[in-house]
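Student: I am sharing query-v1.txt, which consists of compact mmCIF, C-alpha atoms:
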```txt
# COMPACT_ATOMS: atom_id res chain seq x y z
CA SER C 1 80.70 101.05 80.71
CA PHE C 2 80.66 98.91 77.58
CA LEU C 3 83.58 100.89 76.10
CA LEU C 4 85.61 100.39 79.28
CA ILE C 5 84.92 96.65 79.25
CA ASP C 6 85.84 96.48 75.58
CA VAL C 7 89.15 98.32 76.11
CA PHE C 8 89.90 96.22 79.20
CA PHE C 9 89.34 93.04 77.18
CA PHE C 10 91.66 94.29 74.44
CA LEU C 11 94.44 95.15 76.91
CA ALA C 12 93.94 91.88 78.77
CA VAL C 13 94.46 89.93 75.55
CA LYS C 14 97.61 91.94 74.81
CA PHE C 15 98.95 91.22 78.31
CA TRP C 16 98.03 87.55 78.12
CA ARG C 17 99.85 87.15 74.81
CA ASN C 18 102.84 89.16 76.08
CA ASP C 19 102.19 91.74 73.39
CA PHE C 20 101.37 94.83 75.43
CA TYR C 21 104.58 96.85 75.05
CA TYR C 22 104.76 99.00 71.93
CA TRP C 23 107.45 98.47 69.30
CA LEU C 24 109.02 101.94 69.32
CA PRO C 25 112.58 102.11 70.78
CA MET C 26 111.94 103.78 74.14
CA LYS C 27 113.01 103.13 77.72
CA GLY C 28 111.92 103.68 81.31
CA ILE C 29 108.53 104.53 82.75
CA SER C 30 107.74 106.68 79.72
CA TYR C 31 107.86 103.52 77.62
CA VAL C 32 105.23 101.84 79.81
CA ILE C 33 102.96 104.90 79.77
CA PHE C 34 103.35 105.39 76.03
CA SER C 35 102.58 101.72 75.38
CA PHE C 36 99.39 101.95 77.45
CA VAL C 37 98.20 105.10 75.66
CA ALA C 38 99.22 103.85 72.21
CA ARG C 39 97.34 100.58 72.62
CA ILE C 40 94.14 102.35 73.65
CA ILE C 41 94.36 104.89 70.82
CA THR C 42 95.02 102.13 68.30
CA LYS C 43 92.04 100.17 69.58
CA GLU C 44 89.68 103.15 69.26
CA ILE C 45 90.93 104.05 65.77
CA VAL C 46 90.36 100.50 64.56
CA ASP C 47 86.89 100.36 66.17
CA TYR C 48 85.72 103.48 64.33
CA THR C 49 87.63 103.25 61.04
CA ASN C 50 88.86 99.66 60.51
CA ILE C 51 92.02 100.95 58.84
CA ILE C 52 93.54 97.79 57.41
CA GLN C 53 97.16 98.83 58.11
CA PHE C 54 96.46 98.41 61.83
CA ARG C 55 96.21 94.64 61.37
CA HIS C 56 100.01 94.58 61.51
CA PRO C 57 101.37 92.57 64.47
CA ASN C 58 103.03 95.73 65.82
CA GLU C 59 99.59 97.34 66.20
CA CYS C 60 96.37 95.37 66.81
CA GLY C 61 97.37 92.19 65.07
CA GLY C 62 95.30 90.36 62.48
CA ILE C 63 92.89 88.48 64.72
CA LEU C 64 92.11 91.46 66.95
CA TRP C 65 91.59 93.64 63.88
CA PHE C 66 89.11 91.12 62.47
CA TYR C 67 87.41 90.86 65.86
CA SER C 68 86.95 94.63 65.88
CA PHE C 69 85.57 94.52 62.32
CA CYS C 70 82.97 91.91 63.25
CA GLN C 71 82.20 93.68 66.53
CA THR C 72 81.42 96.92 64.71
CA LEU C 73 78.86 95.21 62.49
CA THR C 74 77.33 93.31 65.40
CA LEU C 75 77.00 96.41 67.56
CA LEU C 76 75.16 98.22 64.77
CA ILE C 77 72.47 95.53 64.76
CA PHE C 78 72.37 95.50 68.57
CA ALA C 79 71.99 99.30 68.73
CA LEU C 80 69.13 99.24 66.22
CA TYR C 81 67.44 96.45 68.15
CA LEU C 82 67.61 98.36 71.45
CA SER C 83 66.28 101.51 69.81
CA ASP C 84 63.39 99.57 68.31
CA ALA C 85 62.60 97.83 71.62
CA ASN C 86 62.63 101.08 73.62
CA GLY C 87 60.51 102.88 71.07
CA THR C 88 62.96 105.77 70.95
CA PHE C 89 62.51 106.39 67.24
CA LYS C 90 59.08 104.99 66.47
CA GLU C 91 58.46 106.76 63.20
CA LYS C 92 62.03 106.46 61.94
CA MET C 93 62.86 102.88 62.84
CA SER C 94 61.98 101.41 59.47
CA SER C 95 64.26 103.83 57.65
CA MET C 96 66.99 103.27 60.28
CA TRP C 97 66.82 99.50 59.78
CA TYR C 98 67.02 100.00 56.04
CA THR C 99 70.00 102.34 56.36
CA GLY C 100 71.74 99.98 58.79
CA ALA C 101 71.24 97.00 56.50
CA LEU C 102 72.54 99.02 53.54
CA LEU C 103 75.65 100.10 55.43
CA MET C 104 76.38 96.59 56.69
CA SER C 105 75.93 95.06 53.26
CA GLY C 106 78.18 97.68 51.68
CA CYS C 107 80.86 97.16 54.32
CA ILE C 108 80.87 93.37 53.97
CA LEU C 109 80.74 93.52 50.18
CA SER C 110 83.63 95.97 49.95
CA PHE C 111 85.72 93.78 52.25
CA VAL C 112 85.02 90.66 50.19
CA ILE C 113 85.89 92.46 46.94
CA PHE C 114 89.05 93.81 48.52
CA ILE C 115 90.12 90.33 49.59
CA GLN C 116 89.53 89.02 46.07
CA PHE C 117 91.87 91.55 44.47
CA ILE C 118 94.80 91.69 46.90
CA ASN C 119 97.86 89.47 46.81
CA ALA C 120 96.71 86.07 48.08
CA GLY C 121 99.83 85.87 50.24
CA TYR C 122 98.50 88.66 52.47
CA ILE C 123 95.02 87.26 53.13
CA HIS C 124 96.16 85.35 56.21
CA THR C 125 97.33 88.60 57.82
CA PHE C 126 93.70 89.58 58.44
CA PHE C 127 93.24 86.54 60.68
CA SER C 128 96.77 86.05 61.99
CA PHE C 129 97.52 85.36 65.66
CA GLU C 130 101.13 86.56 65.26
CA THR C 131 102.38 88.96 67.94
CA SER C 132 104.87 91.78 67.57
CA ALA C 133 107.67 89.67 69.06
CA GLU C 134 106.88 86.69 66.84
CA ASN C 135 106.88 88.96 63.80
CA ALA C 136 110.30 90.37 64.70
CA VAL C 137 111.78 86.88 65.13
CA ARG C 138 110.28 85.70 61.83
CA VAL C 139 111.50 88.71 59.85
CA PHE C 140 115.02 88.51 61.30
CA ARG C 141 115.44 84.79 60.68
CA LYS C 142 113.79 84.78 57.28
CA SER C 143 115.71 87.71 55.85
CA SER C 144 119.24 87.36 54.48
CA ASP C 145 119.57 91.10 53.81
CA ASP C 146 121.71 92.85 56.44
CA ALA C 147 120.01 96.18 55.75
CA LYS C 148 116.55 94.76 56.44
CA ARG C 149 117.75 93.00 59.57
CA ALA C 150 119.46 96.14 60.80
CA GLU C 151 116.35 98.22 60.17
CA LEU C 152 114.35 95.82 62.30
CA ILE C 153 116.83 95.83 65.19
CA ILE C 154 117.47 99.58 65.12
CA ASN C 155 113.86 100.73 64.79
CA THR C 156 112.25 98.14 67.07
CA ASN C 157 112.43 98.13 70.84
CA GLU C 158 114.87 95.60 72.22
CA TYR C 159 112.11 94.25 74.48
CA VAL C 160 110.29 93.01 71.36
CA TRP C 161 113.20 90.93 70.04
CA ARG C 162 114.72 90.01 73.42
CA SER C 163 114.08 86.29 72.78
CA ILE C 164 116.69 86.30 69.98
CA ARG C 165 119.12 88.73 71.61
CA GLU C 166 122.01 86.27 71.57
CA GLU C 167 121.26 85.41 67.98
CA VAL C 168 121.33 89.08 66.99
CA LYS C 169 124.53 89.59 68.97
CA GLU C 170 126.21 86.72 67.13
CA TRP C 171 125.12 88.21 63.80
CA VAL C 172 126.68 91.57 64.72
CA TRP C 173 129.90 89.92 65.92
CA GLN C 174 130.26 87.98 62.68
CA ASN C 175 129.64 90.95 60.39
CA TRP C 176 131.00 93.99 62.28
CA GLN C 177 134.44 94.03 60.69
CA GLN C 178 132.93 93.61 57.22
CA TRP C 179 130.61 96.57 57.81
CA ILE C 180 133.52 98.67 59.04
CA GLU C 181 135.48 97.94 55.87
CA GLU C 182 132.68 98.08 53.30
CA LYS C 183 130.65 100.88 54.94
CA PRO C 184 127.16 99.99 53.63
CA VAL C 185 124.68 102.86 53.32
CA TRP C 186 122.60 101.79 56.32
CA PHE C 187 125.68 101.53 58.59
CA ASN C 188 125.74 105.20 59.57
CA ASP C 189 126.28 106.96 62.92
CA ARG C 190 122.64 106.48 63.89
CA ALA C 191 122.84 102.75 63.27
CA ARG C 192 126.08 102.40 65.23
CA ALA C 193 124.65 104.36 68.15
CA ALA C 194 121.55 102.15 68.23
CA ILE C 195 123.49 98.88 68.40
CA PRO C 196 123.88 97.72 72.05
CA ILE C 197 127.42 98.34 73.25
CA ASP C 198 128.01 94.71 74.23
CA PHE C 199 127.21 93.62 70.68
CA ILE C 200 130.35 95.34 69.35
CA PRO C 201 133.26 92.87 69.24
CA ILE C 202 136.29 95.17 69.09
CA LEU C 203 137.42 97.16 72.15
CA VAL C 204 138.36 100.23 70.12
CA ASP C 205 134.99 100.26 68.41
CA GLN C 206 133.28 99.82 71.78
CA ARG C 207 135.00 102.98 73.01
CA ARG C 208 134.03 104.86 69.87
CA ALA C 209 130.42 103.76 70.19
CA ALA C 210 130.43 104.78 73.85
CA ALA C 211 131.77 108.20 72.89
CA VAL C 212 128.91 108.65 70.43
CA ARG C 213 126.42 107.96 73.20
CA LEU C 214 128.19 110.24 75.68
CA ASN C 215 125.96 112.92 77.16
CA ARG C 216 127.97 115.97 76.11
CA ALA C 217 126.01 118.26 78.38
CA ALA C 218 126.97 116.25 81.45
CA ALA C 219 130.58 116.07 80.31
CA ASN C 220 130.78 119.83 79.82
CA MET C 221 129.18 120.40 83.22
CA ALA C 222 131.78 118.20 84.88
CA ILE C 223 134.57 119.99 83.03
CA GLU C 224 133.29 123.40 84.12
CA GLU C 225 132.92 122.28 87.73
CA LYS C 226 136.53 121.12 87.81
CA GLY C 227 137.76 124.27 86.11
CA VAL C 228 139.56 122.34 83.40
CA ASP C 229 140.39 123.85 80.04
CA ARG C 230 137.52 123.12 77.66
CA ASN C 231 140.05 121.81 75.15
CA ALA C 232 140.32 118.80 77.46
CA SER C 233 136.77 117.84 76.51
CA SER C 234 138.03 116.17 73.33
CA LYS C 235 140.32 114.02 75.47
CA VAL C 236 137.40 113.20 77.75
CA LEU C 237 135.34 112.02 74.82
CA ALA C 238 138.21 109.99 73.41
CA ALA C 239 138.98 108.35 76.75
CA PHE C 240 135.43 107.71 77.84
CA SER C 241 134.78 104.01 78.15
CA GLY C 242 131.80 103.85 80.53
CA ILE C 243 128.87 101.83 79.38
CA ARG C 244 126.21 102.59 81.97
CA ARG C 245 124.67 106.02 81.92
CA GLY C 246 124.67 106.15 85.73
CA SER C 247 128.48 106.08 85.78
CA LEU C 248 128.84 108.87 83.22
CA VAL C 249 129.98 111.67 85.51
CA ALA C 250 132.27 109.35 87.47
CA ASN C 251 133.99 108.32 84.25
CA VAL C 252 134.35 111.91 83.12
CA LEU C 253 135.83 113.06 86.43
CA LYS C 254 138.16 110.07 86.51
CA THR C 255 139.37 110.95 83.03
CA LEU C 256 139.93 114.56 84.04
CA ARG C 257 142.01 113.50 87.05
CA VAL C 258 144.13 111.22 84.89
CA ASP C 259 144.50 113.93 82.28
CA GLY C 260 145.57 116.45 84.92
CA THR C 261 148.21 114.07 86.23
CA ARG C 262 149.47 113.52 82.70
CA GLU C 263 149.93 117.26 82.21
CA LYS C 264 151.83 117.59 85.49
CA LYS C 265 154.09 114.71 84.55
CA ARG C 266 154.65 116.26 81.15
CA GLU C 267 155.75 119.54 82.75
CA GLN C 268 158.10 117.67 85.08
CA GLY C 269 159.52 115.61 82.21
CA GLY C 270 158.16 112.41 83.70
CA ALA C 271 156.38 109.53 82.05
CA ILE C 272 152.90 110.16 80.77
CA LEU C 273 150.18 108.07 82.33
CA PRO C 274 148.10 106.10 79.86
CA LEU C 275 144.48 107.06 79.43
CA LEU C 276 143.46 103.55 78.60
CA ASP C 277 144.51 100.23 80.10
CA GLY C 278 146.42 97.64 78.12
CA ASP C 279 149.95 96.99 76.97
CA ASP C 280 149.31 98.30 73.47
CA GLN C 281 148.17 101.65 74.78
CA ARG C 282 151.16 101.91 77.13
CA LYS C 283 153.56 101.27 74.26
CA LYS C 284 151.80 103.87 72.17
CA ASN C 285 152.08 106.50 74.91
CA ALA C 286 155.77 105.63 75.47
CA ASN C 287 156.42 106.18 71.77
CA GLU C 288 154.68 109.55 71.92
CA ASP C 289 156.90 110.60 74.87
CA GLU C 290 160.03 109.71 72.95
```
Take the structure I supplied and represent it as structure tokens, if you would.
Tutor:
Amino acid sequence: SFLLIDVFFFLAVKFWRNDFYYWLPMKGISYVIFSFVARIITKEIVDYTNIIQFRHPNECGGILWFYSFCQTLTLLIFALYLSDANGTFKEKMSSMWYTGALLMSGCILSFVIFIQFINAGYIHTFFSFETSAENAVRVFRKSSDDAKRAELIINTNEYVWRSIREEVKEWVWQNWQQWIEEKPVWFNDRARAAIPIDFIPILVDQRRAAAVRLNRAAANMAIEEKGVDRNASSKVLAAFSGIRRGSLVANVLKTLRVDGTREKKREQGGAILPLLDGDDQRKKNANEDE
């Protein structure tokens, strides 16, 4: 019962501080379930091992890590006291008290020595109240390196940095064209696919990003159901401009219908219908017909 109360208290604090959801980029109900399981596992690991890396705001956070450290030492004394009061280990209690005192002293001493030798700038992280969201905001605003900012946005769930979403969007809008031209190492296909579609400022690049995210299996299924030549799949991918996953099949079928009409018009010598809206695209298609 004590373990359940302890875990409940830990989760309650995470909920209260709006720090329950885990930082990994996931979505849907699986994200909620994974966050619940991950928080409990992290709590138990810290309780039994006090691994210092788990003081990071994305995991337990500094203050909860330190609370667990102190709780472990306190519970050792409490357990020895109960055993002594109940007379469970009458003959061995003196040696158990000695062993417990030795372990506690060694644990506290090692922690103090460790604190003395680490970079003084990291000492506050063992007692920090910073949450995962606050850490993401601080890192993004403090850093001037696009690669570091991009790593944060790409590898961290959007829910964590939702408070600065407009700020991140503005940053992408201002730098997108420069990244396209200079092609920095971090700006690869994975990075482009992870950037929210509405963050991309140029229509053509939006369509390219949407094509990268296209569920090819669903597209192929739609193509097979309509009995269209599989060579048309490349045109489907190029023309796809849907943003929401729920409209994927509708967009694919719409593209296939347009493509079929284009082929009929081509055979009849008529004008080719444009795949994409806009005057520029119409002019381009007219030039291709000529």
Student: For the atom pair atom CA of C:Pro201 and atom CA of C:Trp173, what is the interatomic distance in Å to one decimal place?
Tutor: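 Going from atom CA of C:Pro201 over to atom CA of C:Trp173 covers 5.6 Å.
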Student: Could you tell me how far atom CA of C:Pro184 lies from atom CA of C:Ala147, in Å and to one decimal?
Tutor: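 Distance between the two atoms: 8.4 Å.
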Student: Give me the residues near C:Val7 as a PyMOL selection string, where near means some atom within 12 Å (using all atoms listed in the file) and where sequence neighbours in that chain fewer than 4 positions away do not count.
Tutor: chain C and resi 1-3+11-14+36-37+39-47+64+68
Student: Pull C-alpha atoms from the residues just selected and write them as an mmCIF file, in the coordinates of the input.
Tutor:
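Saved result, out37.cif, follows:
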```cif
data_model
loop_
_atom_site.group_PDB
_atom_site.id
_atom_site.type_symbol
_atom_site.label_atom_id
_atom_site.label_comp_id
_atom_site.auth_asym_id
_atom_site.auth_seq_id
_atom_site.Cartn_x
_atom_site.Cartn_y
_atom_site.Cartn_z
ATOM 1 C CA SER C 1 80.700 101.050 80.710
ATOM 2 C CA PHE C 2 80.660 98.910 77.580
ATOM 3 C CA LEU C 3 83.580 100.890 76.100
ATOM 4 C CA LEU C 11 94.440 95.150 76.910
ATOM 5 C CA ALA C 12 93.940 91.880 78.770
ATOM 6 C CA VAL C 13 94.460 89.930 75.550
ATOM 7 C CA LYS C 14 97.610 91.940 74.810
ATOM 8 C CA PHE C 36 99.390 101.950 77.450
ATOM 9 C CA VAL C 37 98.200 105.100 75.660
ATOM 10 C CA ARG C 39 97.340 100.580 72.620
ATOM 11 C CA ILE C 40 94.140 102.350 73.650
ATOM 12 C CA ILE C 41 94.360 104.890 70.820
ATOM 13 C CA THR C 42 95.020 102.130 68.300
ATOM 14 C CA LYS C 43 92.040 100.170 69.580
ATOM 15 C CA GLU C 44 89.680 103.150 69.260
ATOM 16 C CA ILE C 45 90.930 104.050 65.770
ATOM 17 C CA VAL C 46 90.360 100.500 64.560
ATOM 18 C CA ASP C 47 86.890 100.360 66.170
ATOM 19 C CA LEU C 64 92.110 91.460 66.950
ATOM 20 C CA SER C 68 86.950 94.630 65.880
#
```
Student: Using all atoms listed in the file, what does the table of stretch 65-161 of chain C residues within 10 Å of stretch 190-198 of chain C look like, with each row giving the shortest atom pair and its distance in Å to one decimal, sorted by chain and ascending number, as CSV?
Tutor:
```
residue,atom,partner,partner_atom,distance
C:Ala150,CA,C:Ala191,CA,7.8
C:Glu151,CA,C:Ala191,CA,8.5
C:Ile153,CA,C:Ile195,CA,8.0
C:Ile154,CA,C:Ala194,CA,5.7
C:Asn155,CA,C:Ala194,CA,8.5
C:Glu158,CA,C:Pro196,CA,9.3
```
Student: What does the distance between atom CA of C:Tyr98 and atom CA of C:Leu82 come to in Å, to one decimal place?
Tutor: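 We find that atom CA of C:Tyr98 and atom CA of C:Leu82 lie 15.5 Å from each other.
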Student: Fewer than 4 positions away in the same chain doesn't count, so skip those; otherwise give me all residues within 8 Å of C:Trp176, counting all atoms listed in the file, as a list in words.
Tutor: Val172, Ile180, Ile200 and Pro201 of chain C
Student: Name all residues at most 12 Å from C:Met104 (count only C-alpha atoms; drop same-chain ones fewer than 2 positions away) and give them as a PyMOL selection string.
Tutor: chain C and resi 69-77+97-102+106-111
Student: Can I get the selection written as a compact mmCIF listing (two decimals), in the frame of the given file, with C-alpha atoms?
Tutor:
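Contents of the output file part.txt:
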```txt
# COMPACT_ATOMS: atom_id res chain seq x y z
CA PHE C 69 85.57 94.52 62.32
CA CYS C 70 82.97 91.91 63.25
CA GLN C 71 82.20 93.68 66.53
CA THR C 72 81.42 96.92 64.71
CA LEU C 73 78.86 95.21 62.49
CA THR C 74 77.33 93.31 65.40
CA LEU C 75 77.00 96.41 67.56
CA LEU C 76 75.16 98.22 64.77
CA ILE C 77 72.47 95.53 64.76
CA TRP C 97 66.82 99.50 59.78
CA TYR C 98 67.02 100.00 56.04
CA THR C 99 70.00 102.34 56.36
CA GLY C 100 71.74 99.98 58.79
CA ALA C 101 71.24 97.00 56.50
CA LEU C 102 72.54 99.02 53.54
CA GLY C 106 78.18 97.68 51.68
CA CYS C 107 80.86 97.16 54.32
CA ILE C 108 80.87 93.37 53.97
CA LEU C 109 80.74 93.52 50.18
CA SER C 110 83.63 95.97 49.95
CA PHE C 111 85.72 93.78 52.25
```
Student: What residues have an atom no more than 8 Å from (109.6, 95.8, 62.3) in the file's own frame, counting all atoms listed in the file, and can you write them as a ChimeraX atom specification?
Tutor: /C:23,58,135-136,139,151-153,155-156
Student: Between C:Phe199, C:Met93, C:Phe8, C:Arg149, single out the one closest to C:Trp186, counting only C-alpha atoms.
Tutor: C:Arg149
Student: Got a minute to add all heavy atoms to stretch 143-154 of chain C and dump it as a compact mmCIF listing (two decimals), keeping the file's coordinate frame?
Tutor:
```txt
# COMPACT_ATOMS: atom_id res chain seq x y z
N SER C 143 114.99 86.80 56.74
CA SER C 143 115.71 87.71 55.85
C SER C 143 117.21 87.39 55.83
O SER C 143 117.80 87.06 56.86
CB SER C 143 115.51 89.15 56.31
OG SER C 143 116.26 90.04 55.50
N SER C 144 117.79 87.51 54.64
CA SER C 144 119.24 87.36 54.48
C SER C 144 119.89 88.70 54.16
O SER C 144 121.11 88.77 53.96
CB SER C 144 119.54 86.36 53.36
OG SER C 144 118.96 86.79 52.13
N ASP C 145 119.08 89.75 54.12
CA ASP C 145 119.57 91.10 53.81
C ASP C 145 119.96 91.81 55.11
O ASP C 145 119.12 92.02 55.99
CB ASP C 145 118.47 91.88 53.08
CG ASP C 145 118.93 93.26 52.65
OD1 ASP C 145 120.14 93.57 52.79
OD2 ASP C 145 118.09 94.05 52.17
N ASP C 146 121.24 92.18 55.22
CA ASP C 146 121.71 92.85 56.44
C ASP C 146 120.99 94.16 56.68
O ASP C 146 120.72 94.53 57.83
CB ASP C 146 123.22 93.09 56.36
CG ASP C 146 124.02 91.82 56.58
OD1 ASP C 146 123.42 90.82 57.02
OD2 ASP C 146 125.24 91.82 56.30
N ALA C 147 120.68 94.89 55.61
CA ALA C 147 120.01 96.18 55.75
C ALA C 147 118.62 96.01 56.36
O ALA C 147 118.21 96.79 57.23
CB ALA C 147 119.90 96.88 54.39
N LYS C 148 117.90 95.01 55.92
CA LYS C 148 116.55 94.76 56.44
C LYS C 148 116.62 94.30 57.89
O LYS C 148 115.80 94.71 58.72
CB LYS C 148 115.84 93.71 55.58
CG LYS C 148 114.37 93.55 55.90
CD LYS C 148 113.68 92.67 54.88
CE LYS C 148 112.17 92.58 55.17
NZ LYS C 148 111.48 91.73 54.17
N ARG C 149 117.58 93.45 58.18
CA ARG C 149 117.75 93.00 59.57
C ARG C 149 118.11 94.17 60.48
O ARG C 149 117.58 94.30 61.58
CB ARG C 149 118.85 91.94 59.63
CG ARG C 149 118.43 90.55 59.19
CD ARG C 149 119.58 89.57 59.33
NE ARG C 149 119.11 88.19 59.34
CZ ARG C 149 119.88 87.15 59.62
NH1 ARG C 149 121.17 87.34 59.89
NH2 ARG C 149 119.39 85.93 59.61
N ALA C 150 119.03 95.00 60.01
CA ALA C 150 119.46 96.14 60.80
C ALA C 150 118.31 97.11 61.04
O ALA C 150 118.16 97.66 62.14
CB ALA C 150 120.62 96.86 60.11
N GLU C 151 117.51 97.33 60.01
CA GLU C 151 116.35 98.22 60.17
C GLU C 151 115.41 97.72 61.25
O GLU C 151 114.87 98.51 62.04
CB GLU C 151 115.61 98.33 58.83
CG GLU C 151 114.42 99.27 58.87
CD GLU C 151 113.67 99.33 57.55
OE1 GLU C 151 114.03 98.58 56.63
OE2 GLU C 151 112.72 100.13 57.44
N LEU C 152 115.21 96.42 61.28
CA LEU C 152 114.35 95.82 62.30
C LEU C 152 114.92 96.03 63.69
O LEU C 152 114.22 96.48 64.61
CB LEU C 152 114.18 94.33 62.01
CG LEU C 152 113.45 93.53 63.11
CD1 LEU C 152 111.98 93.89 63.14
CD2 LEU C 152 113.63 92.02 62.88
N ILE C 153 116.21 95.75 63.87
CA ILE C 153 116.83 95.83 65.19
C ILE C 153 116.94 97.27 65.66
O ILE C 153 116.73 97.58 66.84
CB ILE C 153 118.23 95.17 65.15
CG1 ILE C 153 118.10 93.68 64.76
CG2 ILE C 153 118.91 95.31 66.50
CD1 ILE C 153 117.16 92.90 65.63
N ILE C 154 117.26 98.18 64.75
CA ILE C 154 117.47 99.58 65.12
C ILE C 154 116.16 100.28 65.45
O ILE C 154 116.07 101.06 66.40
CB ILE C 154 118.21 100.32 63.99
CG1 ILE C 154 119.64 99.78 63.85
CG2 ILE C 154 118.23 101.83 64.24
CD1 ILE C 154 120.36 100.26 62.62
```
